[in-house]
Amino acid sequence: MADLFFNLPPLVQMVLKGLAVILVIFPIAGASSLAERKVAAWIQDRPGPNRTMVIWAKYIPILGPFLQRLGLFQLLADGGKLLLKEDPIPGHVNKFYYVAAPIVALIPAFSTVTFVPFGAYWDAAVNAMRPLMLVNVDIGLLAVLAVGSLGVYSVILAGWASNSKYPFLGSVRASAQLISYELSLTLSVVPVLLWINAPGQEASMSLVRVVELQSGTGFWGGTWFGMLMPVSALIYLVSMFAETNRLPFDMPEGEAELVGGFHTEYGSFKWSLFFVAEYAHMLVGSGVFVLLFLGGWNPLPWVPLASVTQWLGLQNWPVIVGLLSIAIFMVKTLFMIFFFMWIRWTIPRFRYDQVMKLGWQKLLPLAIANLLAYAIGFAVLQN
Amino acid sequence: MAVKVLERKPLTLAERTYLPQIVRGLKTTLKHLFAPAITLEYPEQRPGIPAGYRGVPTLVKDPQGREKCVSCQLCEFVCPPKAIRITPGAVSADHPESAHIEKAPKEFEIDMLRCIYCGFCQEACPEEAIVLQNLYTLNGRSRTELVHNKQKLYELGGTLPDAHAKWDKKLAAEQRGNQRH
């Protein structure tokens, strides 16, 4: 199997790998919407969706009812409903852009995955860890930030094409909010880039190198950047909430104020595409956060995956190590997704002026001060 | 009483960042995440019905299995939405001991699409024959199905204990010659 795969033309290999990653992201994004409902229910002392059932699952003795209580089949029911129900296009919309908006939402959400490494395996040939990712490019982090922020265009497009007041207001808010938080988001990761680029070395913004520098063994080598730069991590986290339009920053939706915000005029499948895109954004955002500040696929601080591989003697089992690293990375990322939901049911929505004030008057100066402090700190350390 | 003016303390730096408060909030929600659900899962679990609940109006029989309604039509007159319609008739021959009761309903209809569950019928009834009981779920597939006839009303009502035994006493008094003591 492996030989067959590696003998394929590189382009076909790329397409297959890309499809594999998308086939993982899409269901996770879908499952997140169910998890969202379940977590919401549990936090509110409710059982949540627990009625949906497919006929054959009823006959599985213990597992069937358990899955029913868990609401797993609700996922199928929701998906089926969104696929099959009528998909009307209102008469007053700009049809081309109205249809284009959900597609535009999906493209950046899935494109950013390309640059995110999601695991590593031990390459016995070079005696080192090799990352698992679609393309290992030097501009990795920059590409994620640049392509990820294109997501706002879909919101603007949807609001504008809907030709209706509330969607328009929602999209205006989205663009203002995104511009405000993009700045602090980017500034907050600059200290990380300073740390990973020693003078005299070839410069890189690759997320792989970020993880490599968190998988050393000594005190400095094994520290996760979240401990080294807690303020950066905090700013990144807050800005990520704002970027993904999650509570407490969900101004563009704000159902109490704007009906549904930018997706008010959307229904059925097109509506669900917006949500898959939102969850994919969250997933990639959380993944990048894990890579930058939580040590990527390393199980614990100061316990890198490479050491674990050697302890367990798995040097010659790249597939197992690869799956293990992906599992560790996914656990961390899914915990971040849970954290998104946890925050959602803890903090109420900000007022719009508070969002702007927090972005421009608090986070941006903090991010600049943080950057300056680390820049000076690194300069002092080096001399 | 002397008024004590309390000075409002300025917020500390930690309070102004909101972060400790957010952490406390997260702790609270985490506690609820693991707390058992308090939802009553309706079709399997039913709520307790308090005493005096006004459910679906029903007709009841006395412990001897006789219908208590004497077809006086007071409920029909008092019913605000005019949901009740009674056709008076003769007392059933099954119970010869109650031949002294003048009338019984030949037909008794309550239109449940009109009924407002006010309970006036129960209040007006001199025989305690019409009672709003505990049934709170009512549905049907047609309008005619939701017009309860006499048979349906007795089915829903069943038998309730009779504290007064009014008609037995009246019969006994008649047999005594209706003398006063």
# chains A, B, ... in the order shown; residues from 1 in each chain; ligands from 1
$ closest_atom_pairs --of "chain B" --to "chain A" --cutoff "9 Å" --atoms "only C-alpha atoms" --output "CSV"
residue,atom,partner,partner_atom,distance
B:Ile22,CA,A:Ile347,CA,7.3
B:Gly25,CA,A:Thr346,CA,5.8
B:Leu26,CA,A:Thr346,CA,6.0
B:Thr28,CA,A:Thr346,CA,8.2
B:Thr29,CA,A:Ile43,CA,5.8
B:Leu30,CA,A:Ile43,CA,7.1
B:Lys31,CA,A:Ile43,CA,8.1
B:His32,CA,A:Ile43,CA,5.0
B:Leu33,CA,A:Ile43,CA,4.3
B:Phe34,CA,A:Trp42,CA,7.2
B:Ala35,CA,A:Asp45,CA,6.6
B:Pro36,CA,A:Asp45,CA,6.4
B:Ala37,CA,A:Asp45,CA,4.3
B:Ile38,CA,A:Asp45,CA,5.9
B:Thr39,CA,A:Arg46,CA,5.6
B:Glu41,CA,A:Pro47,CA,8.8
$ residues_around --residues "segment 47-63 of chain B" --least-positions-apart "5" --cutoff "10 Å" --atoms "only C-alpha atoms" --output "PyMOL selection string"
chain B and resi 40-42+68-69+108+110+112+115-119+121-122+128-138+148+150-163+165
$ residues_around --residues "Thr223 of chain A" --least-positions-apart "6" --cutoff "7 Å" --atoms "only C-alpha atoms" --output "VMD selection string"
chain A and resid 214 301 to 302
$ closest_residue --among "B:Gln73, B:His164, B:Arg85, B:Glu145" --to "Ala124 of chain B" --atoms "only C-alpha atoms"
B:Gln73
$ residues_around --residues "segment 196-207 of chain A" --least-positions-apart "6" --cutoff "9 Å" --atoms "only C-alpha atoms" --output "list in words"
Phe115, Val116, Pro117, Asn136, Val137, Asp138, Ile139, Gly140, Leu141, Leu142, Leu213, Val288, Leu291 and Leu292 of chain A
$ write_last_selection --atoms "C-alpha atoms" --output "mmCIF file, in the first residue's frame"
data_model
loop_
_atom_site.group_PDB
_atom_site.id
_atom_site.type_symbol
_atom_site.label_atom_id
_atom_site.label_comp_id
_atom_site.auth_asym_id
_atom_site.auth_seq_id
_atom_site.Cartn_x
_atom_site.Cartn_y
_atom_site.Cartn_z
ATOM 1 C CA PHE A 115 0.178 24.880 6.425
ATOM 2 C CA VAL A 116 -0.641 23.319 9.760
ATOM 3 C CA PRO A 117 1.530 20.377 10.806
ATOM 4 C CA ASN A 136 6.254 22.392 4.884
ATOM 5 C CA VAL A 137 6.854 25.969 3.758
ATOM 6 C CA ASP A 138 8.872 28.645 5.467
ATOM 7 C CA ILE A 139 6.019 31.147 5.534
ATOM 8 C CA GLY A 140 3.760 28.679 7.402
ATOM 9 C CA LEU A 141 2.489 30.911 10.166
ATOM 10 C CA LEU A 142 2.194 33.969 7.932
ATOM 11 C CA LEU A 213 12.053 24.323 19.597
ATOM 12 C CA VAL A 288 -2.150 26.870 15.608
ATOM 13 C CA LEU A 291 1.470 24.443 17.993
ATOM 14 C CA LEU A 292 2.584 27.885 19.083
#
$ residues_around --residues "Gly151 of chain A" --least-positions-apart "6" --cutoff "7 Å" --atoms "only C-alpha atoms" --output "number ranges by chain"
A: 105, 108-109
$ closest_residue --among "B:Pro10, B:Gly65, B:Pro43, B:Pro126" --to "His95 of chain B" --atoms "only C-alpha atoms"
B:Gly65
$ select_by_dssp --residues "segment 65-161 of chain B" --states "helix (DSSP H, G or I)" --output "PDB file with N, CA and C atoms, in the first residue's frame"
ATOM      1  N   LEU B  74     -77.188  22.427  35.078  1.00  0.00           N
ATOM      2  CA  LEU B  74     -76.582  23.639  35.648  1.00  0.00           C
ATOM      3  C   LEU B  74     -75.211  23.900  35.010  1.00  0.00           C
ATOM      4  N   CYS B  75     -74.462  22.820  34.785  1.00  0.00           N
ATOM      5  CA  CYS B  75     -73.133  23.009  34.192  1.00  0.00           C
ATOM      6  C   CYS B  75     -73.262  23.565  32.786  1.00  0.00           C
ATOM      7  N   GLU B  76     -74.260  23.075  32.067  1.00  0.00           N
ATOM      8  CA  GLU B  76     -74.468  23.543  30.715  1.00  0.00           C
ATOM      9  C   GLU B  76     -74.741  25.054  30.707  1.00  0.00           C
ATOM     10  N   PHE B  77     -75.530  25.509  31.735  1.00  0.00           N
ATOM     11  CA  PHE B  77     -75.865  26.934  31.770  1.00  0.00           C
ATOM     12  C   PHE B  77     -74.693  27.770  32.224  1.00  0.00           C
ATOM     13  N   VAL B  78     -73.872  27.215  33.157  1.00  0.00           N
ATOM     14  CA  VAL B  78     -72.798  28.041  33.720  1.00  0.00           C
ATOM     15  C   VAL B  78     -71.573  28.053  32.799  1.00  0.00           C
ATOM     16  N   PRO B  96     -82.509  -0.450  39.742  1.00  0.00           N
ATOM     17  CA  PRO B  96     -83.882  -0.155  40.143  1.00  0.00           C
ATOM     18  C   PRO B  96     -83.929   0.638  41.436  1.00  0.00           C
ATOM     19  N   GLU B  97     -82.883   0.496  42.306  1.00  0.00           N
ATOM     20  CA  GLU B  97     -82.916   1.220  43.583  1.00  0.00           C
ATOM     21  C   GLU B  97     -82.814   2.724  43.387  1.00  0.00           C
ATOM     22  N   SER B  98     -82.393   3.171  42.199  1.00  0.00           N
ATOM     23  CA  SER B  98     -82.308   4.615  42.007  1.00  0.00           C
ATOM     24  C   SER B  98     -83.427   5.124  41.096  1.00  0.00           C
ATOM     25  N   PHE B 120     -65.934  25.812  36.327  1.00  0.00           N
ATOM     26  CA  PHE B 120     -67.241  26.299  36.797  1.00  0.00           C
ATOM     27  C   PHE B 120     -68.251  25.157  36.856  1.00  0.00           C
ATOM     28  N   CYS B 121     -68.163  24.218  35.901  1.00  0.00           N
ATOM     29  CA  CYS B 121     -69.109  23.103  35.874  1.00  0.00           C
ATOM     30  C   CYS B 121     -68.998  22.282  37.143  1.00  0.00           C
ATOM     31  N   GLN B 122     -67.744  22.049  37.556  1.00  0.00           N
ATOM     32  CA  GLN B 122     -67.529  21.276  38.777  1.00  0.00           C
ATOM     33  C   GLN B 122     -68.094  22.024  39.972  1.00  0.00           C
ATOM     34  N   GLU B 123     -67.901  23.358  39.984  1.00  0.00           N
ATOM     35  CA  GLU B 123     -68.389  24.181  41.088  1.00  0.00           C
ATOM     36  C   GLU B 123     -69.907  24.195  41.129  1.00  0.00           C
ATOM     37  N   ALA B 124     -70.518  24.234  39.933  1.00  0.00           N
ATOM     38  CA  ALA B 124     -71.968  24.371  39.883  1.00  0.00           C
ATOM     39  C   ALA B 124     -72.673  23.057  40.178  1.00  0.00           C
ATOM     40  N   THR B 144     -64.238  15.937  15.514  1.00  0.00           N
ATOM     41  CA  THR B 144     -65.301  15.140  16.152  1.00  0.00           C
ATOM     42  C   THR B 144     -64.722  14.278  17.269  1.00  0.00           C
ATOM     43  N   GLU B 145     -63.461  13.845  17.091  1.00  0.00           N
ATOM     44  CA  GLU B 145     -62.861  13.009  18.117  1.00  0.00           C
ATOM     45  C   GLU B 145     -62.709  13.777  19.427  1.00  0.00           C
ATOM     46  N   LEU B 146     -62.580  15.095  19.314  1.00  0.00           N
ATOM     47  CA  LEU B 146     -62.351  15.895  20.514  1.00  0.00           C
ATOM     48  C   LEU B 146     -63.648  16.386  21.143  1.00  0.00           C
ATOM     49  N   LYS B 150     -70.856  10.952  26.188  1.00  0.00           N
ATOM     50  CA  LYS B 150     -71.095  10.457  27.536  1.00  0.00           C
ATOM     51  C   LYS B 150     -70.195   9.273  27.875  1.00  0.00           C
ATOM     52  N   GLN B 151     -70.126   8.336  26.911  1.00  0.00           N
ATOM     53  CA  GLN B 151     -69.336   7.127  27.171  1.00  0.00           C
ATOM     54  C   GLN B 151     -67.868   7.481  27.461  1.00  0.00           C
ATOM     55  N   LYS B 152     -67.352   8.363  26.630  1.00  0.00           N
ATOM     56  CA  LYS B 152     -65.954   8.775  26.785  1.00  0.00           C
ATOM     57  C   LYS B 152     -65.750   9.481  28.133  1.00  0.00           C
ATOM     58  N   LEU B 153     -66.733  10.324  28.495  1.00  0.00           N
ATOM     59  CA  LEU B 153     -66.600  11.085  29.736  1.00  0.00           C
ATOM     60  C   LEU B 153     -66.584  10.157  30.941  1.00  0.00           C
ATOM     61  N   TYR B 154     -67.414   9.092  30.902  1.00  0.00           N
ATOM     62  CA  TYR B 154     -67.422   8.134  32.020  1.00  0.00           C
ATOM     63  C   TYR B 154     -66.151   7.302  32.022  1.00  0.00           C
ATOM     64  N   GLU B 155     -65.664   6.996  30.813  1.00  0.00           N
ATOM     65  CA  GLU B 155     -64.400   6.257  30.720  1.00  0.00           C
ATOM     66  C   GLU B 155     -63.273   7.037  31.397  1.00  0.00           C
ATOM     67  N   LEU B 156     -63.225   8.331  31.088  1.00  0.00           N
ATOM     68  CA  LEU B 156     -62.156   9.160  31.654  1.00  0.00           C
ATOM     69  C   LEU B 156     -62.362   9.366  33.148  1.00  0.00           C
ATOM     70  N   GLY B 157     -63.640   9.422  33.573  1.00  0.00           N
ATOM     71  CA  GLY B 157     -63.929   9.805  34.956  1.00  0.00           C
ATOM     72  C   GLY B 157     -63.742   8.673  35.930  1.00  0.00           C
TER      73      GLY B 157
END
$ atom_distance --atom1 "atom CA of Leu294 of chain A" --atom2 "atom CA of Val331 of chain A"
11.6 Å
$ residues_around --residues "segment 12-19 of chain A" --least-positions-apart "2" --cutoff "9 Å" --atoms "only C-alpha atoms" --output "PyMOL selection string"
chain A and resi 5-10+21-24+113-114+133-135
$ write_last_selection --atoms "C-alpha atoms" --output "PDB file, in the first residue's frame"
ATOM      1  CA  PHE A   5       1.128   5.512  -2.698  1.00  0.00           C
ATOM      2  CA  PHE A   6       4.706   6.726  -3.011  1.00  0.00           C
ATOM      3  CA  ASN A   7       4.911   5.580  -6.658  1.00  0.00           C
ATOM      4  CA  LEU A   8       2.004   7.831  -7.630  1.00  0.00           C
ATOM      5  CA  PRO A   9       2.804  11.147  -9.338  1.00  0.00           C
ATOM      6  CA  PRO A  10       3.489  13.884  -6.723  1.00  0.00           C
ATOM      7  CA  VAL A  21      -7.191  16.056   5.645  1.00  0.00           C
ATOM      8  CA  ILE A  22     -10.430  17.645   4.456  1.00  0.00           C
ATOM      9  CA  LEU A  23     -12.255  14.369   5.058  1.00  0.00           C
ATOM     10  CA  VAL A  24     -11.061  14.553   8.650  1.00  0.00           C
ATOM     11  CA  VAL A 113      -5.052  23.443   6.958  1.00  0.00           C
ATOM     12  CA  THR A 114      -2.380  23.082   4.301  1.00  0.00           C
ATOM     13  CA  MET A 133       1.793  17.984   7.118  1.00  0.00           C
ATOM     14  CA  LEU A 134       0.632  18.827   3.646  1.00  0.00           C
ATOM     15  CA  VAL A 135       3.357  21.320   2.713  1.00  0.00           C
TER      16      VAL A 135
END
$ select_by_dssp --residues "segment 69-178 of chain B" --states "strand (DSSP E or B)" --output "ChimeraX atom specification"
/B:84-89,104-111,130-132,147-148,159
$ write_last_selection --atoms "C-alpha atoms" --output "tab-separated table (two decimals), in the first residue's frame"
chain	number	residue	atom	x	y	z
B	84	ILE	CA	-71.34	21.39	27.36
B	85	ARG	CA	-74.50	20.05	25.78
B	86	ILE	CA	-76.82	17.71	27.72
B	87	THR	CA	-79.81	15.76	26.43
B	88	PRO	CA	-81.86	14.70	29.47
B	89	GLY	CA	-83.40	11.25	29.61
B	104	ALA	CA	-80.20	11.02	33.96
B	105	PRO	CA	-78.38	12.30	30.91
B	106	LYS	CA	-79.30	10.51	27.71
B	107	GLU	CA	-76.36	12.16	26.04
B	108	PHE	CA	-73.70	14.38	27.55
B	109	GLU	CA	-71.22	16.11	25.27
B	110	ILE	CA	-68.28	18.34	26.14
B	111	ASP	CA	-66.60	19.96	23.21
B	130	ILE	CA	-68.62	16.39	36.88
B	131	VAL	CA	-65.04	16.63	38.07
B	132	LEU	CA	-61.92	18.14	36.51
B	147	VAL	CA	-66.05	16.22	21.31
B	148	HIS	CA	-66.28	13.89	24.28
B	159	THR	CA	-65.46	6.04	40.02
$ atom_distance --atom1 "atom CA of Ala379 of chain A" --atom2 "atom CA of Leu364 of chain A"
22.5 Å
$ residues_around --residues "segment 311-315 of chain A" --least-positions-apart "4" --cutoff "12 Å" --atoms "only C-alpha atoms" --output "ChimeraX atom specification"
/A:121-130,303-307,319-324
$ write_last_selection --atoms "C-alpha atoms" --output "JSON list (two decimals), in the first residue's frame"
[["chain", "number", "residue", "atom", "x", "y", "z"],
["A", 121, "TYR", "CA", 7.15, 10.47, 13.07],
["A", 122, "TRP", "CA", 10.63, 9.18, 13.77],
["A", 123, "ASP", "CA", 12.60, 8.93, 10.56],
["A", 124, "ALA", "CA", 15.20, 6.21, 11.22],
["A", 125, "ALA", "CA", 17.13, 7.25, 8.08],
["A", 126, "VAL", "CA", 18.07, 10.67, 9.47],
["A", 127, "ASN", "CA", 17.59, 9.83, 13.17],
["A", 128, "ALA", "CA", 15.23, 12.74, 13.74],
["A", 129, "MET", "CA", 11.55, 13.60, 13.95],
["A", 130, "ARG", "CA", 9.92, 14.47, 10.63],
["A", 303, "VAL", "CA", 8.76, 15.28, 27.77],
["A", 304, "PRO", "CA", 9.10, 15.51, 23.98],
["A", 305, "LEU", "CA", 7.65, 12.91, 21.66],
["A", 306, "ALA", "CA", 11.14, 11.91, 20.53],
["A", 307, "SER", "CA", 12.04, 10.73, 24.06],
["A", 319, "VAL", "CA", 3.08, 4.69, 11.50],
["A", 320, "ILE", "CA", 2.44, 4.10, 15.20],
["A", 321, "VAL", "CA", 4.47, 7.14, 16.25],
["A", 322, "GLY", "CA", 2.70, 9.20, 13.59],
["A", 323, "LEU", "CA", -0.73, 8.13, 14.83],
["A", 324, "LEU", "CA", 0.32, 8.74, 18.44]]
$ atom_distance --atom1 "atom CA of Phe225 of chain A" --atom2 "atom CA of Gly287 of chain A"
14.4 Å
$ decode --residues "segment 77-162 of chain B" --atoms "C-alpha atoms" --output "CSV table (one decimal), in the first residue's frame"
chain,number,residue,atom,x,y,z
B,77,PHE,CA,-75.9,26.9,31.8
B,78,VAL,CA,-72.8,28.0,33.7
B,79,CYS,CA,-70.3,27.0,31.1
B,80,PRO,CA,-68.7,30.2,29.8
B,81,PRO,CA,-67.7,28.9,26.4
B,82,LYS,CA,-70.8,26.9,26.0
B,83,ALA,CA,-68.8,23.7,25.6
B,84,ILE,CA,-71.3,21.4,27.4
B,85,ARG,CA,-74.5,20.0,25.8
B,86,ILE,CA,-76.8,17.7,27.7
B,87,THR,CA,-79.8,15.8,26.4
B,88,PRO,CA,-81.9,14.7,29.5
B,89,GLY,CA,-83.4,11.2,29.6
B,90,ALA,CA,-84.8,8.6,32.0
B,91,VAL,CA,-82.7,6.9,34.7
B,92,SER,CA,-81.2,3.6,33.5
B,93,ALA,CA,-83.2,0.5,34.4
B,94,ASP,CA,-80.0,-1.3,35.5
B,95,HIS,CA,-80.3,0.2,39.0
B,96,PRO,CA,-83.9,-0.2,40.1
B,97,GLU,CA,-82.9,1.2,43.6
B,98,SER,CA,-82.3,4.6,42.0
B,99,ALA,CA,-85.6,4.9,40.2
B,100,HIS,CA,-86.5,7.7,42.6
B,101,ILE,CA,-83.9,9.9,40.8
B,102,GLU,CA,-85.9,11.8,38.3
B,103,LYS,CA,-83.5,12.1,35.4
B,104,ALA,CA,-80.2,11.0,34.0
B,105,PRO,CA,-78.4,12.3,30.9
B,106,LYS,CA,-79.3,10.5,27.7
B,107,GLU,CA,-76.4,12.2,26.0
B,108,PHE,CA,-73.7,14.4,27.5
B,109,GLU,CA,-71.2,16.1,25.3
B,110,ILE,CA,-68.3,18.3,26.1
B,111,ASP,CA,-66.6,20.0,23.2
B,112,MET,CA,-63.0,19.9,24.3
B,113,LEU,CA,-62.1,22.4,21.5
B,114,ARG,CA,-64.2,24.9,23.4
B,115,CYS,CA,-63.6,24.0,27.0
B,116,ILE,CA,-61.4,26.5,28.8
B,117,TYR,CA,-60.8,24.3,31.9
B,118,CYS,CA,-62.3,26.9,34.2
B,119,GLY,CA,-63.9,24.4,36.5
B,120,PHE,CA,-67.2,26.3,36.8
B,121,CYS,CA,-69.1,23.1,35.9
B,122,GLN,CA,-67.5,21.3,38.8
B,123,GLU,CA,-68.4,24.2,41.1
B,124,ALA,CA,-72.0,24.4,39.9
B,125,CYS,CA,-72.7,20.6,40.0
B,126,PRO,CA,-75.0,19.8,42.9
B,127,GLU,CA,-74.2,16.1,42.6
B,128,GLU,CA,-70.4,16.3,42.4
B,129,ALA,CA,-70.9,14.4,39.2
B,130,ILE,CA,-68.6,16.4,36.9
B,131,VAL,CA,-65.0,16.6,38.1
B,132,LEU,CA,-61.9,18.1,36.5
B,133,GLN,CA,-59.4,15.4,37.2
B,134,ASN,CA,-55.6,14.9,36.6
B,135,LEU,CA,-55.6,14.3,32.9
B,136,TYR,CA,-53.6,17.0,31.2
B,137,THR,CA,-52.7,15.6,27.8
B,138,LEU,CA,-55.4,15.5,25.3
B,139,ASN,CA,-55.1,15.2,21.5
B,140,GLY,CA,-57.1,13.8,18.6
B,141,ARG,CA,-56.9,13.4,14.9
B,142,SER,CA,-60.2,15.1,14.1
B,143,ARG,CA,-62.6,17.7,15.5
B,144,THR,CA,-65.3,15.1,16.2
B,145,GLU,CA,-62.9,13.0,18.1
B,146,LEU,CA,-62.4,15.9,20.5
B,147,VAL,CA,-66.1,16.2,21.3
B,148,HIS,CA,-66.3,13.9,24.3
B,149,ASN,CA,-69.6,12.0,24.5
B,150,LYS,CA,-71.1,10.5,27.5
B,151,GLN,CA,-69.3,7.1,27.2
B,152,LYS,CA,-66.0,8.8,26.8
B,153,LEU,CA,-66.6,11.1,29.7
B,154,TYR,CA,-67.4,8.1,32.0
B,155,GLU,CA,-64.4,6.3,30.7
B,156,LEU,CA,-62.2,9.2,31.7
B,157,GLY,CA,-63.9,9.8,35.0
B,158,GLY,CA,-64.1,6.4,36.5
B,159,THR,CA,-65.5,6.0,40.0
B,160,LEU,CA,-64.8,8.4,42.8
B,161,PRO,CA,-65.6,7.8,46.5
B,162,ASP,CA,-68.9,9.3,47.6
